[in-house]
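To start, the structure under review is shown below, and the notes come after it.
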Amino acid sequence: MTIASGGTGPATISVNGVRPPSGLSVCPSGELLVAIQNDPGGQIYVSMHVVPSGNLVDWMWIDGARGSQPSGPRQSVLRFAADKPQGVHEFHLVDAQAGRLLDTSSRVTITASPGALTALSVNGVKPPAGPDLLRGASLLVGVENDPCGPIYLSMHDTSTGTLMDWMWIDWSVLPPASSTVAPGGNLDVRATNDTTGLRDWVGMFLVGAPLTDYRDWQWRDGSRRNAPSGIRVDRQRFPASQVPGVYEFRLVSNGIVMARSGPITVCEPARITSPWPGWQLPGSAATFAWTAGSGVDEYWLEVRSPGVPCGFACASTGTTRTRTVSGLPTDGSAVEVRLYSRMGDEWTAPHIVIYKAWTRTSRGVCFGPYLQVGTRPGDPISALTIDELLAIVAPHFSWVRFYGSLSGLAEGPRLAKARGLLVATTAWLGADPVPNRAELEALKRNISQGLVDLVIVGSEAIYGGTLDEAQLIAYIREIRAHVKASPRPDVPVTTNEHWETLRDHPDLVAECDVVLANMYAFNDGVPIEQSDRAVSNYYLMLRAKYAPKEVVYGETGWATGGNPPGGKRAVPSLANAATYLVRLATWAREDAGARVFAFEAFDEPGKSKPDHEYEAFYGIWDNTRALKAGMQRVLDCVLEREPGGAPGIQFLTVPPTGSQAHLVGSVTNVDPATCGVAVYILVGGVWWTKPTYASPVTIIDKDFSWDCNIVTGGADATATRIAAFLIPGDYTPPKAEGHSATLPAELDQHAYAKVEVTR
């Protein structure tokens, strides 16, 4: 059993698991397993030489051939017969192209050929002489010309022939070195110098397990019958366990472990986790991500139509655990994704996931049925009303998301399934444990009936302050246990929170199968021109932080009416709402492979508040069930990208001379979280850093605006010129301390953009 483990570093070879300075001996009937670690690539061969003459006695290419050049797959272990002249030998690892010796093995002593005279000595004394010893002294028995068979030594009383003691010359299970193998990989086990009977056996055990807890076994004839009937074999093949762990083989005779192998680590191959297995692909592009596994040295991703090799992607990803693939079909056909894991020199069987390709309805919508003035979420609603509204939604979306499991919403999953929709449904959780319990039990009933495709435990419960993290995690675990015992145990379980809440609560995200994040540019006050860039930045940040989990837009939208949030620059309008949804959908399906739940299907008047009028106007349809102007573009999946361009910086408000007001500006075409603004003012003919030397960089808000106090002392209010530089977040701008009439040239070299005004 020889399994080579991968790694980096110089190329080396070992013989039967032995490395210099140790040596080994072998009989002419034995076998020499030369393992190559850190294969350097190229035309590599291994040669066997007599020591010290250097005479060549055998060789082979790294593919095991002895032709003019290698042509087959490279091997991690080469097998040489030990049928060479008696004496000392060594192996060389050679780069044929460079003519360079890469490594030299341990010295290998081939013992006497069978038939040579075997002789014994005791404490160095040979017959006919004999040593005289005191009782209790050690007896050192030397064996010359080992005949290489299953040999044991026995000690007898010379007068009676009575057996006093005995032992085998050697008894072991090869190899003693540690090994790694993929689940189900082949393990070749060889017991050396073994004279056990056929009824003795070899078993595979977790290291430390009792003798009764074997994971696999064979009689010494290689069979697993009730009783052995064949001839004892020299080598036995076992499949590695499918369960990752550290194992060993034991040679067992009459309930006694006579020998054991070194540890064998069964590694865990990677598994695809995003997009969630079984879900439809989110667009013509999809970002595939997977677990790390254990002991994996390299990943290989194939994305194809079933039966068509290497269709859309077919390449190593190295050690990277995510890959975005574009050019995927958009006709609803099957897309097969295969992920291979390399462990050492062996590739595992692939993890295979079959997805359905995107179609124009492959998207989600958030669903609230409270269209009548005077009704609010949580009020009783009839199943007939829900079904009528679902009939409007179903031709245009594949997913529908519900916001509770009680009242009329309890019937939502059943009605949605009847219309062919995938269902994401929620247990709406607040501060009161009594209604929370009713919500959870209602959710469980729908889960038990197999009606839920995405289970959501709570919606903005932490963001809204109704639950703390520990309480929410406890609810998630309760529902997950119920899902595992349901007819569909692989349905993902998550919670839904504002994207910043999820960013700041990694322990909560660790409990979720997918990251369901609410991401609103409108609510953050981002102008429509930068809106899709903003929410794509939110998404990419979460995806980078929580890979390989799939990140889903749990809610996103743009209000068509009402007041702007906080008086900011996000303008509610029909045109802006349609533009936002079209552009985001384009980016999500064509570039990022992101799944989106648009908020929301219908206007719900009961959500309006004096300072949040816009909450009632997020619908694609209004509360009379009429499609809003411009929204046909959304339903038709029109392709439209947000206009690009170079990074920019602008002044929005420049205070007049003598004013104490702040300088306000904005930036474009950057990620605000990774940039800053350096502001300088010219007073009395020299430049000064603002706002202070201790804070030379002004932070950019998530709405792409920035605000800088330029009057912090002295004659600042009389400044005649103001300059602002858009800079990378990891750049420290030079300080201007009133010593120069010019700004340092390095600012222009490092800044993405700048703006300047004279007052």
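Following the order of the structure tokens, chains are lettered A, B, ..., residues in each are numbered from 1, and ligands are numbered from 1.
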Write out as a list of chain:residue names the residues lying within 6 Å of stretch 592-601 of chain A, counting only C-alpha atoms and excluding same-chain residues fewer than 3 positions away.
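Residues meeting the cut-off are A:Pro282, A:Gly283, A:Ala285, A:Ala286, A:Thr287, A:Gly364, A:Val365, A:Cys366, A:Phe367, A:Val552, A:Tyr553, A:Gly554, A:Glu555, A:Thr556, A:Gly557, A:Ala588, A:Arg589, A:Tyr618, A:Gly619, A:Ile620.
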Those same residues, written as a JSON list (two decimals), in the first residue's frame with N, CA, C and O atoms?
```json
[["chain", "number", "residue", "atom", "x", "y", "z"],
["A", 282, "PRO", "N", -28.55, 31.29, -12.05],
["A", 282, "PRO", "CA", -29.08, 32.64, -11.95],
["A", 282, "PRO", "C", -28.97, 33.47, -13.22],
["A", 282, "PRO", "O", -29.48, 34.59, -13.27],
["A", 283, "GLY", "N", -28.29, 32.98, -14.26],
["A", 283, "GLY", "CA", -28.16, 33.77, -15.48],
["A", 283, "GLY", "C", -27.24, 33.10, -16.48],
["A", 283, "GLY", "O", -26.88, 31.92, -16.35],
["A", 285, "ALA", "N", -24.30, 33.90, -16.73],
["A", 285, "ALA", "CA", -23.07, 33.76, -15.95],
["A", 285, "ALA", "C", -23.46, 33.20, -14.59],
["A", 285, "ALA", "O", -24.54, 33.47, -14.07],
["A", 286, "ALA", "N", -22.58, 32.40, -14.03],
["A", 286, "ALA", "CA", -22.81, 31.86, -12.69],
["A", 286, "ALA", "C", -21.47, 31.75, -11.99],
["A", 286, "ALA", "O", -20.46, 31.38, -12.61],
["A", 287, "THR", "N", -21.46, 32.06, -10.71],
["A", 287, "THR", "CA", -20.25, 31.93, -9.90],
["A", 287, "THR", "C", -20.36, 30.64, -9.11],
["A", 287, "THR", "O", -21.23, 30.50, -8.26],
["A", 364, "GLY", "N", -36.62, 35.92, -8.74],
["A", 364, "GLY", "CA", -37.55, 35.88, -7.63],
["A", 364, "GLY", "C", -38.20, 37.23, -7.39],
["A", 364, "GLY", "O", -37.68, 38.28, -7.79],
["A", 365, "VAL", "N", -39.34, 37.20, -6.72],
["A", 365, "VAL", "CA", -40.05, 38.42, -6.36],
["A", 365, "VAL", "C", -40.58, 38.27, -4.94],
["A", 365, "VAL", "O", -41.01, 37.18, -4.53],
["A", 366, "CYS", "N", -40.51, 39.35, -4.19],
["A", 366, "CYS", "CA", -41.06, 39.38, -2.84],
["A", 366, "CYS", "C", -42.56, 39.67, -2.93],
["A", 366, "CYS", "O", -42.99, 40.53, -3.70],
["A", 367, "PHE", "N", -43.31, 38.93, -2.12],
["A", 367, "PHE", "CA", -44.76, 38.92, -2.30],
["A", 367, "PHE", "C", -45.46, 39.31, -1.01],
["A", 367, "PHE", "O", -45.31, 38.68, 0.04],
["A", 552, "VAL", "N", -27.35, 35.84, -1.94],
["A", 552, "VAL", "CA", -28.59, 36.10, -2.67],
["A", 552, "VAL", "C", -29.11, 37.47, -2.27],
["A", 552, "VAL", "O", -29.11, 37.84, -1.09],
["A", 553, "TYR", "N", -29.55, 38.23, -3.27],
["A", 553, "TYR", "CA", -30.26, 39.48, -2.98],
["A", 553, "TYR", "C", -31.63, 39.11, -2.41],
["A", 553, "TYR", "O", -32.57, 38.80, -3.15],
["A", 554, "GLY", "N", -31.74, 39.13, -1.09],
["A", 554, "GLY", "CA", -33.01, 38.76, -0.46],
["A", 554, "GLY", "C", -34.10, 39.77, -0.70],
["A", 554, "GLY", "O", -35.28, 39.43, -0.82],
["A", 555, "GLU", "N", -33.72, 41.04, -0.77],
["A", 555, "GLU", "CA", -34.62, 42.13, -1.16],
["A", 555, "GLU", "C", -33.78, 43.19, -1.84],
["A", 555, "GLU", "O", -32.67, 43.50, -1.39],
["A", 556, "THR", "N", -34.30, 43.77, -2.91],
["A", 556, "THR", "CA", -33.70, 44.97, -3.49],
["A", 556, "THR", "C", -34.73, 45.60, -4.42],
["A", 556, "THR", "O", -35.50, 44.89, -5.08],
["A", 557, "GLY", "N", -34.76, 46.91, -4.44],
["A", 557, "GLY", "CA", -35.73, 47.60, -5.28],
["A", 557, "GLY", "C", -35.56, 49.10, -5.19],
["A", 557, "GLY", "O", -34.65, 49.62, -4.53],
["A", 588, "ALA", "N", -26.49, 41.08, -12.70],
["A", 588, "ALA", "CA", -26.59, 39.85, -11.92],
["A", 588, "ALA", "C", -26.54, 38.62, -12.81],
["A", 588, "ALA", "O", -25.84, 37.65, -12.50],
["A", 589, "ARG", "N", -27.25, 38.64, -13.93],
["A", 589, "ARG", "CA", -27.33, 37.41, -14.73],
["A", 589, "ARG", "C", -26.23, 37.32, -15.78],
["A", 589, "ARG", "O", -25.84, 36.22, -16.18],
["A", 618, "TYR", "N", -42.99, 50.33, -3.63],
["A", 618, "TYR", "CA", -41.93, 49.52, -4.23],
["A", 618, "TYR", "C", -42.45, 48.54, -5.28],
["A", 618, "TYR", "O", -41.67, 47.81, -5.89],
["A", 619, "GLY", "N", -43.73, 48.45, -5.49],
["A", 619, "GLY", "CA", -44.30, 47.41, -6.34],
["A", 619, "GLY", "C", -43.98, 47.56, -7.81],
["A", 619, "GLY", "O", -43.82, 48.66, -8.34],
["A", 620, "ILE", "N", -43.88, 46.38, -8.48],
["A", 620, "ILE", "CA", -43.82, 46.35, -9.94],
["A", 620, "ILE", "C", -45.23, 46.59, -10.49],
["A", 620, "ILE", "O", -45.41, 47.25, -11.52]]
```
Just want the 7 Å neighbourhood of A:Ala547, counted on only C-alpha atoms, with same-chain residues fewer than 3 positions away dropped. Output as a list of chain:residue names.
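Using only C-alpha atoms, the neighbours found are A:Ala289, A:Arg543, A:Ala544.
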Write down as a ChimeraX atom specification the residues belonging to stretch 516-585 of chain A that are assigned strand (DSSP E) by DSSP computed on the backbone.
/A:516-518,550-556
Could you write out the selected residues, including C-alpha atoms, as a PDB file, in the first residue's frame?
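Writing done, so here's again-v2.pdb:
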```pdb
ATOM      1  CA  LEU A 516     -29.787  36.162   2.141  1.00  0.00           C
ATOM      2  CA  ALA A 517     -29.076  39.893   2.259  1.00  0.00           C
ATOM      3  CA  ASN A 518     -31.278  42.959   1.841  1.00  0.00           C
ATOM      4  CA  GLU A 550     -24.043  31.587  -2.159  1.00  0.00           C
ATOM      5  CA  VAL A 551     -25.025  35.222  -1.639  1.00  0.00           C
ATOM      6  CA  VAL A 552     -28.588  36.096  -2.667  1.00  0.00           C
ATOM      7  CA  TYR A 553     -30.260  39.477  -2.984  1.00  0.00           C
ATOM      8  CA  GLY A 554     -33.014  38.756  -0.457  1.00  0.00           C
ATOM      9  CA  GLU A 555     -34.618  42.132  -1.156  1.00  0.00           C
ATOM     10  CA  THR A 556     -33.703  44.968  -3.493  1.00  0.00           C
TER      11      THR A 556
END
```
Polymer residues at most 7 Å from A:Ala570, only C-alpha atoms, same-chain spacing of 2 or more positions, as a short mmCIF file (atom, residue, chain, number, x, y, z; two decimals) with all heavy atoms, in the first residue's frame:
```
data_model
loop_
_atom_site.label_atom_id
_atom_site.label_comp_id
_atom_site.auth_asym_id
_atom_site.auth_seq_id
_atom_site.Cartn_x
_atom_site.Cartn_y
_atom_site.Cartn_z
N PHE A 522 -31.43 52.68 -2.94
CA PHE A 522 -32.39 53.76 -2.71
C PHE A 522 -32.44 54.15 -1.23
O PHE A 522 -32.36 55.33 -0.87
CB PHE A 522 -33.77 53.34 -3.19
CG PHE A 522 -34.84 54.37 -2.95
CD1 PHE A 522 -34.98 55.44 -3.82
CD2 PHE A 522 -35.68 54.28 -1.85
CE1 PHE A 522 -35.96 56.41 -3.59
CE2 PHE A 522 -36.67 55.23 -1.62
CZ PHE A 522 -36.80 56.30 -2.49
N GLY A 525 -29.73 56.26 -0.03
CA GLY A 525 -29.63 57.59 -0.61
C GLY A 525 -28.69 57.70 -1.79
O GLY A 525 -28.26 58.80 -2.15
N VAL A 526 -28.37 56.58 -2.43
CA VAL A 526 -27.44 56.60 -3.57
C VAL A 526 -28.18 57.12 -4.80
O VAL A 526 -29.28 56.65 -5.11
CB VAL A 526 -26.89 55.18 -3.84
CG1 VAL A 526 -25.93 55.20 -5.03
CG2 VAL A 526 -26.19 54.64 -2.60
N PRO A 527 -27.61 58.06 -5.53
CA PRO A 527 -28.27 58.54 -6.76
C PRO A 527 -28.38 57.42 -7.78
O PRO A 527 -27.56 56.49 -7.80
CB PRO A 527 -27.37 59.67 -7.24
CG PRO A 527 -26.05 59.43 -6.60
CD PRO A 527 -26.33 58.77 -5.29
N ILE A 528 -29.39 57.50 -8.63
CA ILE A 528 -29.64 56.43 -9.59
C ILE A 528 -28.43 56.14 -10.46
O ILE A 528 -28.18 54.99 -10.84
CB ILE A 528 -30.88 56.77 -10.46
CG1 ILE A 528 -31.29 55.58 -11.32
CG2 ILE A 528 -30.63 58.01 -11.31
CD1 ILE A 528 -31.73 54.36 -10.54
N PRO A 564 -38.07 61.13 -0.70
CA PRO A 564 -36.75 60.49 -0.70
C PRO A 564 -36.35 60.12 0.73
O PRO A 564 -36.71 60.83 1.68
CB PRO A 564 -35.83 61.58 -1.27
CG PRO A 564 -36.72 62.53 -1.96
CD PRO A 564 -38.02 62.51 -1.21
N LYS A 568 -32.20 62.50 0.97
CA LYS A 568 -30.95 62.28 0.23
C LYS A 568 -31.20 62.34 -1.27
O LYS A 568 -32.27 62.67 -1.75
CB LYS A 568 -30.33 60.96 0.66
CG LYS A 568 -29.85 60.97 2.11
CD LYS A 568 -29.08 59.72 2.46
CE LYS A 568 -28.54 59.77 3.87
NZ LYS A 568 -27.76 58.57 4.25
N PRO A 572 -37.24 59.00 -5.87
CA PRO A 572 -38.24 57.99 -6.22
C PRO A 572 -38.97 58.39 -7.50
O PRO A 572 -39.42 59.53 -7.65
CB PRO A 572 -39.19 58.00 -5.03
CG PRO A 572 -39.03 59.36 -4.43
CD PRO A 572 -37.62 59.79 -4.68
#
```
Please identify all polymer residues within 12 Å of stretch 311-314 of chain A, counting only C-alpha atoms, omitting same-chain residues fewer than 2 positions from it, and present them as number ranges by chain.
A: 284-288, 299-309, 316-317, 323-329, 335-340
